[in-house]
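Below you'll find the structure, written out as structure tokens, and then a few comments.
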Amino acid sequence: MIDSASYRRVLGAYPTGVAVITAAAPDGIRHGLVVGTFSAISLDPPLVGFFPDRKSRSWAQIAPIGRFCVNVLGSDQLDICRRFAMSADDKFADLAHGHSPSGQPLLENAIAWIDCAVESVIEVGDHFLVVGAVEALGRRDTGTPLLFFGGAYHDLADLPD
Ligand SMILES: Cc1cc2nc3c(=O)[nH]c(=O)nc-3n(C[C@H](O)[C@H](O)[C@H](O)COP(=O)(O)O)c2cc1C
């Protein structure tokens with residue numbers, strides 16, 4: 001039997017980036033959640049994926065929209081990370097943002113963005129695996145990613161070139 005404390009401690013040894021998955025419903029209401037489980041999956045065809053918790057309120061709202069934009073956060077966006085990592089009725093309140101080609105919220109200063117159509121959703125344990133077909137993407141020439149490791153946030157500043 002694997003206890004949850006051991007699982008979290010050991011899996012926390014694997015560092016991740018931090019991304020905000022965003023989408024806008026037809027009525028204009030915007031949704032978003034932080035994930036550390038974002039990953040490239042396939043180049044041909046271009047597919048990416050992430051794992052939302054079955055209990056995620058935001059994923060329940062995004063799923064029927066059928067589209068999402070991945071916003072890869074920079075190390076200067078810890079405030080954005082905290083905002084989108086907690087449940088709230090309007091996580092976008094007073095937050096300026098642009099739009100991806102498909103109309104999903106594009107967060108200012110994200111270091112990269114990937115606009116996707118939901119390709120498939122697979123139940124896996126207490127999470128879903130969401131696979132997205134990449135329709136458009138881009139990145140900034142500057143900025144370093146926000147990193148999550150051992151239960152804390154980090155950046156690349158202390159690494160040599
Ligand atoms: C660094 C970090 C990584 C996270 N990764 C995930 C993830 O991969 N999947 C997930 O469902 N929640 C993840 N969360 C938690 C969600 O962001 C959080 O539960 C969610 O935004 C709560 O809001 P919601 O109920 O509106 O979805 C992560 C949180 C942090 C701080």
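Convention: chains lettered A, B, ... in structure tokens order; per-chain residue numbering from 1; ligands numbered from 1 as shown.
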Who sits within 8 Å of segment 72-81 of chain A, only C-alpha atoms, same chain under 5 positions skipped, as a list in words: Gly17, Val18, Ala19, Val20, Val34, Asn109, Ala110, Ile111, Ala112, Trp113, Gly143, Thr144, Pro145, Leu146, Leu147, His154 and Asp155 of chain A
What residues of the protein or nucleic acid chains come within 6 Å of ligand 1 when you use only C-alpha atoms and all ligand atoms? Reply as a ChimeraX atom specification. /A:18,33-37,51-53,56-59,84-87,148
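Note that atom CA of Thr16 of chain A and atom CA of Ala157 of chain A are 15.9 Å apart.
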Taking into account only C-alpha atoms, which residue in the set A:Ser4, A:Leu11, A:Pro64, A:Asn71 is nearest to His97 of chain A? A:Asn71
Assign secondary structure with DSSP using the backbone only, and return the residues of chain A in alpha helix (DSSP H) as a PyMOL selection string. chain A and resi 4-11+57-62+78-84
Write out as a ChimeraX atom specification all residues of chain A that DSSP puts in strand (DSSP E or B) for this structure's backbone. /A:16-17,19-24,30-35,39-42,47-50,53,67-72,74,97-99,105-107,112-124,127-139,145,147-149,152-154
What is the distance, in Å and to one decimal place, between atom CA of Lys91 of chain A and atom CA of Arg54 of chain A? 19.2 Å
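Note that atom CA of Leu43 of chain A and atom CA of Glu108 of chain A are 26.4 Å apart.
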From the set A:Val118, A:Ala60, A:Ile29, A:Ile2, which residue has the shortest atom-to-atom contact distance to Ala93 of chain A, counting only C-alpha atoms?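 Smallest distance to Ala93 of chain A is found for A:Ile29.
Proximity ranking of A:Leu47, A:Val134, A:Ile62, A:Ile114 relative to Ala23 of chain A places A:Ile62 first, based on only C-alpha atoms.
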Under the rule that only C-alpha atoms are counted, which of A:Ala152, A:Leu107, A:Gly125, A:Ala25 is the nearest residue to Ile65 of chain A?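 That would be A:Ala25, the residue with the smallest distance to Ile65 of chain A.
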